[in-house]
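So this block is structure-v7.cif, mmCIF, N, CA and C atoms and all ligand atoms:
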data_entry
loop_
_atom_site.label_atom_id
_atom_site.label_comp_id
_atom_site.auth_asym_id
_atom_site.auth_seq_id
_atom_site.Cartn_x
_atom_site.Cartn_y
_atom_site.Cartn_z
N MET I 9 -2.67 17.72 7.08
CA MET I 9 -3.98 18.08 6.51
C MET I 9 -4.70 16.86 5.96
N LYS I 10 -6.01 16.88 6.08
CA LYS I 10 -6.84 15.79 5.58
C LYS I 10 -7.96 16.39 4.75
N ASN I 11 -8.58 15.52 3.93
CA ASN I 11 -9.81 15.95 3.26
C ASN I 11 -10.92 14.98 3.64
N LYS I 12 -12.12 15.21 3.11
CA LYS I 12 -13.27 14.37 3.50
C LYS I 12 -13.11 12.94 3.01
N HIS I 13 -12.35 12.76 1.91
CA HIS I 13 -12.14 11.40 1.39
C HIS I 13 -11.23 10.60 2.32
N ILE I 14 -10.19 11.27 2.81
CA ILE I 14 -9.31 10.60 3.77
C ILE I 14 -10.12 10.20 5.00
N GLU I 15 -11.00 11.10 5.41
CA GLU I 15 -11.84 10.80 6.58
C GLU I 15 -12.76 9.61 6.33
N SER I 16 -13.27 9.48 5.10
CA SER I 16 -14.14 8.32 4.85
C SER I 16 -13.34 7.02 4.77
N ILE I 17 -12.10 7.08 4.27
CA ILE I 17 -11.24 5.88 4.27
C ILE I 17 -10.92 5.49 5.72
N GLU I 18 -10.61 6.50 6.53
CA GLU I 18 -10.31 6.23 7.94
C GLU I 18 -11.52 5.64 8.66
N LEU I 19 -12.70 6.12 8.33
CA LEU I 19 -13.91 5.59 8.95
C LEU I 19 -14.11 4.12 8.56
N TYR I 20 -13.91 3.84 7.27
CA TYR I 20 -13.99 2.46 6.79
C TYR I 20 -13.02 1.57 7.58
N LEU I 21 -11.78 2.04 7.71
CA LEU I 21 -10.75 1.25 8.41
C LEU I 21 -11.08 1.09 9.89
N LEU I 22 -11.63 2.15 10.48
CA LEU I 22 -12.05 2.10 11.88
C LEU I 22 -13.09 0.99 12.07
N LEU I 23 -14.05 0.94 11.14
CA LEU I 23 -15.09 -0.09 11.22
C LEU I 23 -14.50 -1.49 11.05
N CYS I 24 -13.40 -1.58 10.32
CA CYS I 24 -12.69 -2.85 10.13
C CYS I 24 -11.68 -3.10 11.25
N GLN I 25 -11.67 -2.23 12.22
CA GLN I 25 -10.74 -2.32 13.36
C GLN I 25 -9.27 -2.28 12.93
N VAL I 26 -9.01 -1.43 11.98
CA VAL I 26 -7.62 -1.17 11.57
C VAL I 26 -7.28 0.25 12.01
N ARG I 27 -6.16 0.39 12.72
CA ARG I 27 -5.74 1.71 13.18
C ARG I 27 -4.93 2.43 12.12
N VAL I 28 -5.05 3.73 12.06
CA VAL I 28 -4.24 4.55 11.16
C VAL I 28 -3.43 5.53 12.00
N LYS I 29 -2.11 5.52 11.77
CA LYS I 29 -1.25 6.46 12.50
C LYS I 29 -0.42 7.25 11.51
N TYR I 30 -0.31 8.54 11.76
CA TYR I 30 0.51 9.41 10.91
C TYR I 30 1.80 9.70 11.65
N ILE I 31 2.89 9.36 11.01
CA ILE I 31 4.18 9.61 11.66
C ILE I 31 5.12 10.34 10.70
N PRO I 32 6.04 11.13 11.25
CA PRO I 32 6.92 11.89 10.37
C PRO I 32 7.99 11.02 9.72
N ASP I 33 8.30 11.35 8.46
CA ASP I 33 9.43 10.75 7.74
C ASP I 33 9.44 9.23 7.70
N LEU I 34 8.33 8.66 7.31
CA LEU I 34 8.27 7.22 7.08
C LEU I 34 8.87 6.97 5.70
N ILE I 35 9.90 6.15 5.65
CA ILE I 35 10.65 5.98 4.39
C ILE I 35 9.77 5.53 3.23
N SER I 36 8.91 4.55 3.50
CA SER I 36 8.16 3.97 2.38
C SER I 36 6.84 4.69 2.09
N GLY I 37 6.54 5.78 2.75
CA GLY I 37 5.28 6.48 2.50
C GLY I 37 4.14 5.91 3.29
N GLY I 38 3.98 4.58 3.20
CA GLY I 38 2.93 3.91 3.96
C GLY I 38 3.29 2.46 4.20
N VAL I 39 2.76 1.90 5.28
CA VAL I 39 3.00 0.49 5.63
C VAL I 39 1.74 -0.06 6.26
N TYR I 40 1.42 -1.32 5.95
CA TYR I 40 0.36 -1.99 6.69
C TYR I 40 0.96 -3.16 7.46
N SER I 41 0.71 -3.19 8.75
CA SER I 41 1.16 -4.31 9.56
C SER I 41 -0.03 -5.17 9.96
N PRO I 42 -0.14 -6.38 9.37
CA PRO I 42 -1.28 -7.25 9.70
C PRO I 42 -1.30 -7.65 11.18
N SER I 43 -0.13 -7.89 11.77
CA SER I 43 -0.12 -8.34 13.17
C SER I 43 -0.60 -7.24 14.12
N ALA I 44 -0.29 -5.98 13.79
CA ALA I 44 -0.71 -4.87 14.64
C ALA I 44 -2.04 -4.26 14.16
N ARG I 45 -2.56 -4.79 13.04
CA ARG I 45 -3.76 -4.20 12.41
C ARG I 45 -3.63 -2.68 12.35
N THR I 46 -2.49 -2.24 11.88
CA THR I 46 -2.20 -0.81 11.86
C THR I 46 -1.61 -0.39 10.52
N ILE I 47 -2.07 0.76 10.05
CA ILE I 47 -1.49 1.38 8.86
C ILE I 47 -0.71 2.60 9.32
N LEU I 48 0.53 2.68 8.88
CA LEU I 48 1.33 3.88 9.16
C LEU I 48 1.44 4.69 7.87
N ILE I 49 1.25 5.98 8.01
CA ILE I 49 1.34 6.89 6.86
C ILE I 49 2.30 8.02 7.20
N ASP I 50 3.13 8.36 6.24
CA ASP I 50 4.04 9.49 6.42
C ASP I 50 3.23 10.78 6.49
N GLU I 51 3.30 11.46 7.60
CA GLU I 51 2.47 12.67 7.78
C GLU I 51 2.94 13.84 6.92
N ASN I 52 4.14 13.72 6.34
CA ASN I 52 4.64 14.81 5.49
C ASN I 52 4.16 14.74 4.05
N LEU I 53 3.44 13.69 3.70
CA LEU I 53 2.91 13.61 2.33
C LEU I 53 1.84 14.69 2.15
N ASN I 54 1.66 15.13 0.91
CA ASN I 54 0.57 16.08 0.68
C ASN I 54 -0.77 15.33 0.71
N VAL I 55 -1.86 16.09 0.70
CA VAL I 55 -3.19 15.49 0.91
C VAL I 55 -3.50 14.40 -0.11
N LYS I 56 -3.19 14.67 -1.37
CA LYS I 56 -3.48 13.70 -2.42
C LYS I 56 -2.64 12.43 -2.25
N GLN I 57 -1.36 12.60 -1.96
CA GLN I 57 -0.49 11.44 -1.75
C GLN I 57 -0.93 10.63 -0.53
N LYS I 58 -1.36 11.36 0.50
CA LYS I 58 -1.87 10.69 1.70
C LYS I 58 -3.07 9.82 1.36
N MET I 59 -3.96 10.40 0.56
CA MET I 59 -5.19 9.70 0.19
C MET I 59 -4.86 8.44 -0.62
N PHE I 60 -3.98 8.58 -1.62
CA PHE I 60 -3.61 7.42 -2.45
C PHE I 60 -2.90 6.36 -1.61
N THR I 61 -2.00 6.82 -0.74
CA THR I 61 -1.23 5.88 0.08
C THR I 61 -2.15 5.13 1.05
N LEU I 62 -3.08 5.88 1.64
CA LEU I 62 -4.04 5.27 2.56
C LEU I 62 -4.91 4.24 1.83
N LEU I 63 -5.36 4.58 0.63
CA LEU I 63 -6.14 3.64 -0.18
C LEU I 63 -5.31 2.40 -0.50
N HIS I 64 -4.05 2.62 -0.88
CA HIS I 64 -3.18 1.50 -1.22
C HIS I 64 -2.95 0.58 -0.02
N GLU I 65 -2.69 1.17 1.13
CA GLU I 65 -2.46 0.35 2.34
C GLU I 65 -3.75 -0.36 2.75
N ALA I 66 -4.88 0.32 2.59
CA ALA I 66 -6.18 -0.33 2.84
C ALA I 66 -6.33 -1.51 1.88
N GLY I 67 -5.81 -1.34 0.67
CA GLY I 67 -5.81 -2.43 -0.32
C GLY I 67 -5.02 -3.64 0.17
N HIS I 68 -3.89 -3.38 0.82
CA HIS I 68 -3.11 -4.48 1.41
C HIS I 68 -3.90 -5.16 2.54
N PHE I 69 -4.59 -4.34 3.32
CA PHE I 69 -5.42 -4.90 4.40
C PHE I 69 -6.50 -5.82 3.81
N ILE I 70 -7.18 -5.36 2.77
CA ILE I 70 -8.25 -6.17 2.16
C ILE I 70 -7.66 -7.45 1.56
N ASP I 71 -6.52 -7.29 0.87
CA ASP I 71 -5.84 -8.45 0.28
C ASP I 71 -5.46 -9.46 1.37
N TYR I 72 -4.88 -8.93 2.44
CA TYR I 72 -4.47 -9.80 3.55
C TYR I 72 -5.69 -10.50 4.18
N SER I 73 -6.78 -9.76 4.34
CA SER I 73 -7.98 -10.31 4.96
C SER I 73 -8.59 -11.43 4.13
N THR I 74 -8.50 -11.29 2.80
CA THR I 74 -9.12 -12.29 1.94
C THR I 74 -8.17 -13.45 1.67
N ASN I 75 -6.86 -13.20 1.77
CA ASN I 75 -5.88 -14.24 1.44
C ASN I 75 -4.61 -14.06 2.27
N PRO I 76 -4.68 -14.36 3.58
CA PRO I 76 -3.55 -14.08 4.46
C PRO I 76 -2.25 -14.76 4.07
N LYS I 77 -2.34 -15.94 3.48
CA LYS I 77 -1.12 -16.69 3.15
C LYS I 77 -0.26 -15.99 2.11
N SER I 78 -0.92 -15.29 1.20
CA SER I 78 -0.17 -14.68 0.09
C SER I 78 0.68 -13.50 0.55
N PHE I 79 0.41 -13.02 1.76
CA PHE I 79 1.08 -11.81 2.23
C PHE I 79 2.45 -12.12 2.83
N THR I 80 2.63 -13.33 3.30
CA THR I 80 3.83 -13.70 4.05
C THR I 80 5.13 -13.36 3.32
N ASN I 81 5.99 -12.73 4.01
CA ASN I 81 7.33 -12.39 3.51
C ASN I 81 7.34 -11.58 2.23
N ALA I 82 6.26 -10.96 1.93
CA ALA I 82 6.23 -10.25 0.65
C ALA I 82 5.64 -8.86 0.77
N SER I 83 5.67 -8.32 1.98
CA SER I 83 5.16 -6.96 2.08
C SER I 83 6.11 -6.01 1.38
N HIS I 84 5.58 -4.97 0.82
CA HIS I 84 6.44 -4.06 0.07
C HIS I 84 7.48 -3.41 0.96
N ASN I 85 7.15 -3.37 2.25
CA ASN I 85 8.10 -2.80 3.19
C ASN I 85 9.36 -3.63 3.29
N ILE I 86 9.15 -4.93 3.43
CA ILE I 86 10.29 -5.86 3.47
C ILE I 86 11.06 -5.75 2.16
N ALA I 87 10.32 -5.70 1.08
CA ALA I 87 10.95 -5.60 -0.24
C ALA I 87 11.79 -4.35 -0.35
N ARG I 88 11.20 -3.25 0.05
CA ARG I 88 11.92 -1.97 -0.01
C ARG I 88 13.21 -2.02 0.80
N ARG I 89 13.10 -2.57 2.00
CA ARG I 89 14.26 -2.66 2.87
C ARG I 89 15.36 -3.49 2.23
N LYS I 90 14.95 -4.60 1.61
CA LYS I 90 15.92 -5.46 0.94
C LYS I 90 16.55 -4.76 -0.25
N ILE I 91 15.71 -4.01 -0.97
CA ILE I 91 16.23 -3.29 -2.13
C ILE I 91 17.27 -2.27 -1.66
N GLU I 92 16.91 -1.58 -0.57
CA GLU I 92 17.84 -0.58 -0.04
C GLU I 92 19.16 -1.19 0.41
N LYS I 93 19.07 -2.37 0.97
CA LYS I 93 20.29 -3.05 1.44
C LYS I 93 20.93 -3.89 0.34
N SER I 94 20.36 -3.82 -0.86
CA SER I 94 20.81 -4.61 -2.01
C SER I 94 20.86 -6.10 -1.69
N GLN I 95 19.88 -6.55 -0.91
CA GLN I 95 19.83 -7.97 -0.64
C GLN I 95 19.11 -8.68 -1.77
N LYS I 96 19.47 -9.91 -1.97
CA LYS I 96 18.84 -10.68 -3.05
C LYS I 96 17.48 -11.21 -2.61
N LEU I 97 16.56 -11.14 -3.54
CA LEU I 97 15.25 -11.74 -3.32
C LEU I 97 15.14 -12.92 -4.28
N SER I 98 14.49 -13.96 -3.84
CA SER I 98 14.29 -15.09 -4.76
C SER I 98 13.25 -14.70 -5.80
N LEU I 99 13.23 -15.44 -6.89
CA LEU I 99 12.26 -15.15 -7.96
C LEU I 99 10.83 -15.30 -7.41
N ALA I 100 10.65 -16.31 -6.57
CA ALA I 100 9.32 -16.52 -5.98
C ALA I 100 8.91 -15.33 -5.11
N GLN I 101 9.87 -14.79 -4.34
CA GLN I 101 9.58 -13.61 -3.51
C GLN I 101 9.23 -12.41 -4.37
N LYS I 102 10.03 -12.22 -5.43
CA LYS I 102 9.77 -11.09 -6.33
C LYS I 102 8.37 -11.19 -6.93
N ARG I 103 8.01 -12.39 -7.36
CA ARG I 103 6.69 -12.57 -7.97
C ARG I 103 5.58 -12.35 -6.96
N ALA I 104 5.80 -12.81 -5.72
CA ALA I 104 4.79 -12.63 -4.68
C ALA I 104 4.60 -11.14 -4.38
N ILE I 105 5.71 -10.40 -4.36
CA ILE I 105 5.64 -8.96 -4.10
C ILE I 105 4.85 -8.25 -5.21
N ILE I 106 5.20 -8.58 -6.43
CA ILE I 106 4.50 -7.94 -7.56
C ILE I 106 3.01 -8.28 -7.53
N ARG I 107 2.71 -9.53 -7.20
CA ARG I 107 1.31 -9.96 -7.10
C ARG I 107 0.60 -9.17 -6.00
N ASN I 108 1.23 -9.07 -4.84
CA ASN I 108 0.63 -8.34 -3.72
C ASN I 108 0.40 -6.87 -4.05
N GLU I 109 1.40 -6.27 -4.67
CA GLU I 109 1.30 -4.84 -4.99
C GLU I 109 0.19 -4.60 -6.02
N THR I 110 0.14 -5.47 -7.03
CA THR I 110 -0.90 -5.34 -8.05
C THR I 110 -2.28 -5.46 -7.41
N LYS I 111 -2.42 -6.43 -6.50
CA LYS I 111 -3.71 -6.63 -5.84
C LYS I 111 -4.06 -5.47 -4.92
N ALA I 112 -3.06 -4.94 -4.21
CA ALA I 112 -3.33 -3.81 -3.31
C ALA I 112 -3.87 -2.62 -4.10
N TRP I 113 -3.31 -2.37 -5.28
CA TRP I 113 -3.81 -1.27 -6.11
C TRP I 113 -5.21 -1.56 -6.62
N LYS I 114 -5.45 -2.83 -6.96
CA LYS I 114 -6.77 -3.20 -7.46
C LYS I 114 -7.83 -2.99 -6.37
N TYR I 115 -7.53 -3.44 -5.16
CA TYR I 115 -8.47 -3.25 -4.04
C TYR I 115 -8.60 -1.78 -3.67
N ALA I 116 -7.51 -1.03 -3.80
CA ALA I 116 -7.54 0.41 -3.52
C ALA I 116 -8.56 1.09 -4.44
N LYS I 117 -8.52 0.68 -5.70
CA LYS I 117 -9.43 1.24 -6.70
C LYS I 117 -10.89 0.88 -6.37
N GLY I 118 -11.08 -0.38 -6.01
CA GLY I 118 -12.42 -0.85 -5.65
C GLY I 118 -12.97 -0.13 -4.44
N LEU I 119 -12.12 0.08 -3.45
CA LEU I 119 -12.54 0.78 -2.23
C LEU I 119 -12.90 2.23 -2.56
N ALA I 120 -12.09 2.86 -3.39
CA ALA I 120 -12.37 4.25 -3.80
C ALA I 120 -13.73 4.33 -4.48
N ARG I 121 -14.02 3.34 -5.32
CA ARG I 121 -15.31 3.30 -6.01
C ARG I 121 -16.44 3.18 -4.99
N GLN I 122 -16.27 2.27 -4.03
CA GLN I 122 -17.29 2.06 -2.99
C GLN I 122 -17.54 3.33 -2.18
N LEU I 123 -16.45 4.04 -1.88
CA LEU I 123 -16.56 5.24 -1.04
C LEU I 123 -16.81 6.50 -1.87
N LYS I 124 -17.00 6.28 -3.17
CA LYS I 124 -17.26 7.39 -4.10
C LYS I 124 -16.17 8.47 -4.06
N ILE I 125 -14.94 7.99 -4.09
CA ILE I 125 -13.80 8.90 -4.10
C ILE I 125 -13.29 9.03 -5.53
N PRO I 126 -13.33 10.23 -6.08
CA PRO I 126 -12.81 10.39 -7.44
C PRO I 126 -11.28 10.32 -7.43
N LEU I 127 -10.71 9.55 -8.34
CA LEU I 127 -9.26 9.33 -8.29
C LEU I 127 -8.47 10.20 -9.27
N GLY I 128 -8.98 10.37 -10.46
CA GLY I 128 -8.27 11.21 -11.43
C GLY I 128 -7.01 10.57 -11.97
N LYS I 129 -6.32 11.32 -12.81
CA LYS I 129 -5.17 10.79 -13.54
C LYS I 129 -3.98 10.49 -12.63
N ASN I 130 -3.80 11.31 -11.59
CA ASN I 130 -2.64 11.13 -10.72
C ASN I 130 -2.60 9.76 -10.06
N PHE I 131 -3.77 9.22 -9.78
CA PHE I 131 -3.83 7.89 -9.15
C PHE I 131 -3.24 6.85 -10.09
N GLU I 132 -3.67 6.89 -11.35
CA GLU I 132 -3.14 5.96 -12.36
C GLU I 132 -1.64 6.10 -12.50
N LYS I 133 -1.19 7.36 -12.50
CA LYS I 133 0.24 7.64 -12.65
C LYS I 133 1.01 7.04 -11.46
N ASP I 134 0.51 7.30 -10.27
CA ASP I 134 1.15 6.76 -9.05
C ASP I 134 1.15 5.24 -9.06
N ARG I 135 0.02 4.68 -9.46
CA ARG I 135 -0.12 3.22 -9.50
C ARG I 135 0.93 2.62 -10.44
N LYS I 136 0.98 3.19 -11.66
CA LYS I 136 1.92 2.68 -12.66
C LYS I 136 3.36 2.84 -12.22
N GLU I 137 3.68 4.00 -11.66
CA GLU I 137 5.05 4.24 -11.25
C GLU I 137 5.47 3.33 -10.09
N SER I 138 4.54 3.14 -9.17
CA SER I 138 4.83 2.26 -8.04
C SER I 138 5.05 0.83 -8.53
N LEU I 139 4.18 0.36 -9.41
CA LEU I 139 4.32 -1.01 -9.90
C LEU I 139 5.59 -1.19 -10.73
N LYS I 140 5.97 -0.12 -11.41
CA LYS I 140 7.19 -0.18 -12.23
C LYS I 140 8.42 -0.48 -11.36
N THR I 141 8.45 0.13 -10.17
CA THR I 141 9.61 -0.10 -9.30
C THR I 141 9.71 -1.58 -8.91
N TYR I 142 8.54 -2.21 -8.77
CA TYR I 142 8.56 -3.63 -8.40
C TYR I 142 8.83 -4.53 -9.60
N ARG I 143 8.37 -4.08 -10.78
CA ARG I 143 8.64 -4.88 -11.99
C ARG I 143 10.11 -4.90 -12.31
N GLN I 144 10.80 -3.81 -11.96
CA GLN I 144 12.24 -3.77 -12.20
C GLN I 144 12.94 -4.88 -11.43
N LEU I 145 12.34 -5.23 -10.30
CA LEU I 145 12.86 -6.34 -9.50
C LEU I 145 12.98 -7.61 -10.32
N GLU I 146 11.93 -7.85 -11.10
CA GLU I 146 11.83 -9.11 -11.82
C GLU I 146 12.94 -9.26 -12.87
N SER I 147 13.33 -8.12 -13.43
CA SER I 147 14.34 -8.19 -14.48
C SER I 147 15.76 -8.32 -13.92
N GLU I 148 15.89 -8.01 -12.61
CA GLU I 148 17.21 -8.19 -11.99
C GLU I 148 17.36 -9.65 -11.56
N ASP I 149 18.62 -10.15 -11.55
CA ASP I 149 18.74 -11.55 -11.12
C ASP I 149 19.20 -11.71 -9.69
ZN ZN X 201 2.15 -1.83 -1.30
#
Translate this file's structure into structure tokens.
Amino acid sequence: MKNKHIESIELYLLLCQVRVKYIPDLISGGVYSPSARTILIDENLNVKQKMFTLLHEAGHFIDYSTNPKSFTNASHNIARRKIEKSQKLSLAQKRAIIRNETKAWKYAKGLARQLKIPLGKNFEKDRKESLKTYRQLESED
């Protein structure tokens, strides 16, 4: 299921030549691949989660477009995979990930404002909870 806000985010991404694909059971909820110019979204998310995830991944796209170097080796997907495999990340990698994630949320918010999408409290909650998982990285050695 989609709503009109999801459709306007998709239209924005279409104009930016970024593809959006919905696939079942995507572990991380959403992923942006700069090389494929594609955003993958877990199709099993509810409408609100889909909208937030799409905004967040669009945020990664905007971040990558404005500063491609900062994205290298620090996508949250890579981070998640490493966390799952309990692989060590360097402090520099951890900081780059946190920086990228913070920026993706910031751009997500800006895009929502541009597209006149009301976000409500759940967005803030999701943003904070998502960032918290990455901040925990920093405290681990
Ligand atoms: Zn992210």
Please build the interface table for chain I against ligand ZN 201 (chain X) with a cut-off of 9 Å, listing for each qualifying residue the nearest atom pair and the distance in Å to one decimal; count only C-alpha atoms and all ligand atoms, order rows by chain and increasing number, and write it as JSON lines.
{"residue": "I:Gly38", "atom": "CA", "partner": "X:ZN201", "partner_atom": "ZN", "distance": 7.8}
{"residue": "I:Val39", "atom": "CA", "partner": "X:ZN201", "partner_atom": "ZN", "distance": 7.4}
{"residue": "I:Tyr40", "atom": "CA", "partner": "X:ZN201", "partner_atom": "ZN", "distance": 8.2}
{"residue": "I:Thr61", "atom": "CA", "partner": "X:ZN201", "partner_atom": "ZN", "distance": 8.5}
{"residue": "I:His64", "atom": "CA", "partner": "X:ZN201", "partner_atom": "ZN", "distance": 6.3}
{"residue": "I:Glu65", "atom": "CA", "partner": "X:ZN201", "partner_atom": "ZN", "distance": 6.3}
{"residue": "I:Gly67", "atom": "CA", "partner": "X:ZN201", "partner_atom": "ZN", "distance": 8.0}
{"residue": "I:His68", "atom": "CA", "partner": "X:ZN201", "partner_atom": "ZN", "distance": 6.5}
{"residue": "I:Ser83", "atom": "CA", "partner": "X:ZN201", "partner_atom": "ZN", "distance": 6.8}
{"residue": "I:His84", "atom": "CA", "partner": "X:ZN201", "partner_atom": "ZN", "distance": 5.0}
{"residue": "I:Asn85", "atom": "CA", "partner": "X:ZN201", "partner_atom": "ZN", "distance": 7.5}
{"residue": "I:Ile105", "atom": "CA", "partner": "X:ZN201", "partner_atom": "ZN", "distance": 8.4}
{"residue": "I:Asn108", "atom": "CA", "partner": "X:ZN201", "partner_atom": "ZN", "distance": 7.1}
{"residue": "I:Glu109", "atom": "CA", "partner": "X:ZN201", "partner_atom": "ZN", "distance": 4.8}
{"residue": "I:Thr110", "atom": "CA", "partner": "X:ZN201", "partner_atom": "ZN", "distance": 8.2}
{"residue": "I:Lys111", "atom": "CA", "partner": "X:ZN201", "partner_atom": "ZN", "distance": 8.8}
{"residue": "I:Ala112", "atom": "CA", "partner": "X:ZN201", "partner_atom": "ZN", "distance": 6.2}
{"residue": "I:Trp113", "atom": "CA", "partner": "X:ZN201", "partner_atom": "ZN", "distance": 7.7}
{"residue": "I:Ser138", "atom": "CA", "partner": "X:ZN201", "partner_atom": "ZN", "distance": 8.3}
{"residue": "I:Leu139", "atom": "CA", "partner": "X:ZN201", "partner_atom": "ZN", "distance": 8.9}
Practice problem: Would you list the contacts of Arg143 in chain I as a ChimeraX atom specification, taking every protein, DNA or RNA residue within 10 Å and counting only C-alpha atoms, but skipping same-chain residues closer than 5 positions in sequence? | Solution: /I:102-103,105-106,137-138,148
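Counting only C-alpha atoms and comparing I:Leu63, I:Ser73, I:Gln57, I:Glu18, the residue that lies closest to Leu119 in chain I is I:Leu63.
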Select all residues near (-16.1, 11.3, 3.8) (cut-off 12 Å, inclusive, file coordinates), counting only C-alpha atoms, and output them as a PDB file with N, CA and C atoms, keeping the file's coordinate frame.
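The resulting selection00.pdb:
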ATOM      1  N   LYS I  10      -6.010  16.880   6.080  1.00  0.00           N
ATOM      2  CA  LYS I  10      -6.840  15.790   5.580  1.00  0.00           C
ATOM      3  C   LYS I  10      -7.960  16.390   4.750  1.00  0.00           C
ATOM      4  N   ASN I  11      -8.580  15.520   3.930  1.00  0.00           N
ATOM      5  CA  ASN I  11      -9.810  15.950   3.260  1.00  0.00           C
ATOM      6  C   ASN I  11     -10.920  14.980   3.640  1.00  0.00           C
ATOM      7  N   LYS I  12     -12.120  15.210   3.110  1.00  0.00           N
ATOM      8  CA  LYS I  12     -13.270  14.370   3.500  1.00  0.00           C
ATOM      9  C   LYS I  12     -13.110  12.940   3.010  1.00  0.00           C
ATOM     10  N   HIS I  13     -12.350  12.760   1.910  1.00  0.00           N
ATOM     11  CA  HIS I  13     -12.140  11.400   1.390  1.00  0.00           C
ATOM     12  C   HIS I  13     -11.230  10.600   2.320  1.00  0.00           C
ATOM     13  N   ILE I  14     -10.190  11.270   2.810  1.00  0.00           N
ATOM     14  CA  ILE I  14      -9.310  10.600   3.770  1.00  0.00           C
ATOM     15  C   ILE I  14     -10.120  10.200   5.000  1.00  0.00           C
ATOM     16  N   GLU I  15     -11.000  11.100   5.410  1.00  0.00           N
ATOM     17  CA  GLU I  15     -11.840  10.800   6.580  1.00  0.00           C
ATOM     18  C   GLU I  15     -12.760   9.610   6.330  1.00  0.00           C
ATOM     19  N   SER I  16     -13.270   9.480   5.100  1.00  0.00           N
ATOM     20  CA  SER I  16     -14.140   8.320   4.850  1.00  0.00           C
ATOM     21  C   SER I  16     -13.340   7.020   4.770  1.00  0.00           C
ATOM     22  N   ILE I  17     -12.100   7.080   4.270  1.00  0.00           N
ATOM     23  CA  ILE I  17     -11.240   5.880   4.270  1.00  0.00           C
ATOM     24  C   ILE I  17     -10.920   5.490   5.720  1.00  0.00           C
ATOM     25  N   GLU I  18     -10.610   6.500   6.530  1.00  0.00           N
ATOM     26  CA  GLU I  18     -10.310   6.230   7.940  1.00  0.00           C
ATOM     27  C   GLU I  18     -11.520   5.640   8.660  1.00  0.00           C
ATOM     28  N   LEU I  19     -12.700   6.120   8.330  1.00  0.00           N
ATOM     29  CA  LEU I  19     -13.910   5.590   8.950  1.00  0.00           C
ATOM     30  C   LEU I  19     -14.110   4.120   8.560  1.00  0.00           C
ATOM     31  N   TYR I  20     -13.910   3.840   7.270  1.00  0.00           N
ATOM     32  CA  TYR I  20     -13.990   2.460   6.790  1.00  0.00           C
ATOM     33  C   TYR I  20     -13.020   1.570   7.580  1.00  0.00           C
ATOM     34  N   MET I  59      -3.960  10.400   0.560  1.00  0.00           N
ATOM     35  CA  MET I  59      -5.190   9.700   0.190  1.00  0.00           C
ATOM     36  C   MET I  59      -4.860   8.440  -0.620  1.00  0.00           C
ATOM     37  N   ALA I 120     -12.090   2.860  -3.390  1.00  0.00           N
ATOM     38  CA  ALA I 120     -12.370   4.250  -3.800  1.00  0.00           C
ATOM     39  C   ALA I 120     -13.730   4.330  -4.480  1.00  0.00           C
ATOM     40  N   GLN I 122     -16.270   2.270  -4.030  1.00  0.00           N
ATOM     41  CA  GLN I 122     -17.290   2.060  -2.990  1.00  0.00           C
ATOM     42  C   GLN I 122     -17.540   3.330  -2.180  1.00  0.00           C
ATOM     43  N   LEU I 123     -16.450   4.040  -1.880  1.00  0.00           N
ATOM     44  CA  LEU I 123     -16.560   5.240  -1.040  1.00  0.00           C
ATOM     45  C   LEU I 123     -16.810   6.500  -1.870  1.00  0.00           C
ATOM     46  N   LYS I 124     -17.000   6.280  -3.170  1.00  0.00           N
ATOM     47  CA  LYS I 124     -17.260   7.390  -4.100  1.00  0.00           C
ATOM     48  C   LYS I 124     -16.170   8.470  -4.060  1.00  0.00           C
ATOM     49  N   ILE I 125     -14.940   7.990  -4.090  1.00  0.00           N
ATOM     50  CA  ILE I 125     -13.800   8.900  -4.100  1.00  0.00           C
ATOM     51  C   ILE I 125     -13.290   9.030  -5.530  1.00  0.00           C
ATOM     52  N   PRO I 126     -13.330  10.230  -6.080  1.00  0.00           N
ATOM     53  CA  PRO I 126     -12.810  10.390  -7.440  1.00  0.00           C
ATOM     54  C   PRO I 126     -11.280  10.320  -7.430  1.00  0.00           C
TER      55      PRO I 126
END
Practice problem: Quick one: residues within 12 Å of (2.9, 14.0, 6.9) (file frame), counting only C-alpha atoms, please, as a PyMOL selection string. | Solution: chain I and resi 9-10+29-35+37-38+48-59+61-62
Quiz item: What does the distance from atom N of Ala104 in chain I to atom N of Phe131 in chain I come to in Å, to one decimal?
Solution: 24.4 Å
Quiz item: So which bits of chain I end up alpha helix (DSSP H) when you DSSP the backbone, as an NGL selection string?
Solution: :I and (12-23 or 55-74 or 84-92 or 99-122 or 128-147)
Quiz item: What is the distance between atom N of Thr46 in chain I and atom N of Arg27 in chain I, in Å to one decimal?
Solution: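 For atom N of Thr46 in chain I relative to atom N of Arg27 in chain I, the distance reads 4.6 Å.
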Quiz item: What gap, in Å, lies between atom N of Ser43 in chain I and atom N of Ser78 in chain I?
Solution: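 Distance between the two atoms: 12.9 Å.
Between Lys129 in chain I and the residues I:Asn75, I:Leu22, I:Phe60, I:Lys96, the shortest atom-to-atom distance, using only C-alpha atoms, involves I:Phe60.
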Practice problem: Using DSSP on the backbone, list every residue of chain I that comes out as strand (DSSP E), and give them as number ranges by chain. | Solution: I: 27-31, 38-41, 46-50
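Counting only C-alpha atoms, the residue from I:Leu99, I:Pro42, I:Tyr115, I:Leu23 that sits nearest to Ala66 in chain I is I:Tyr115.
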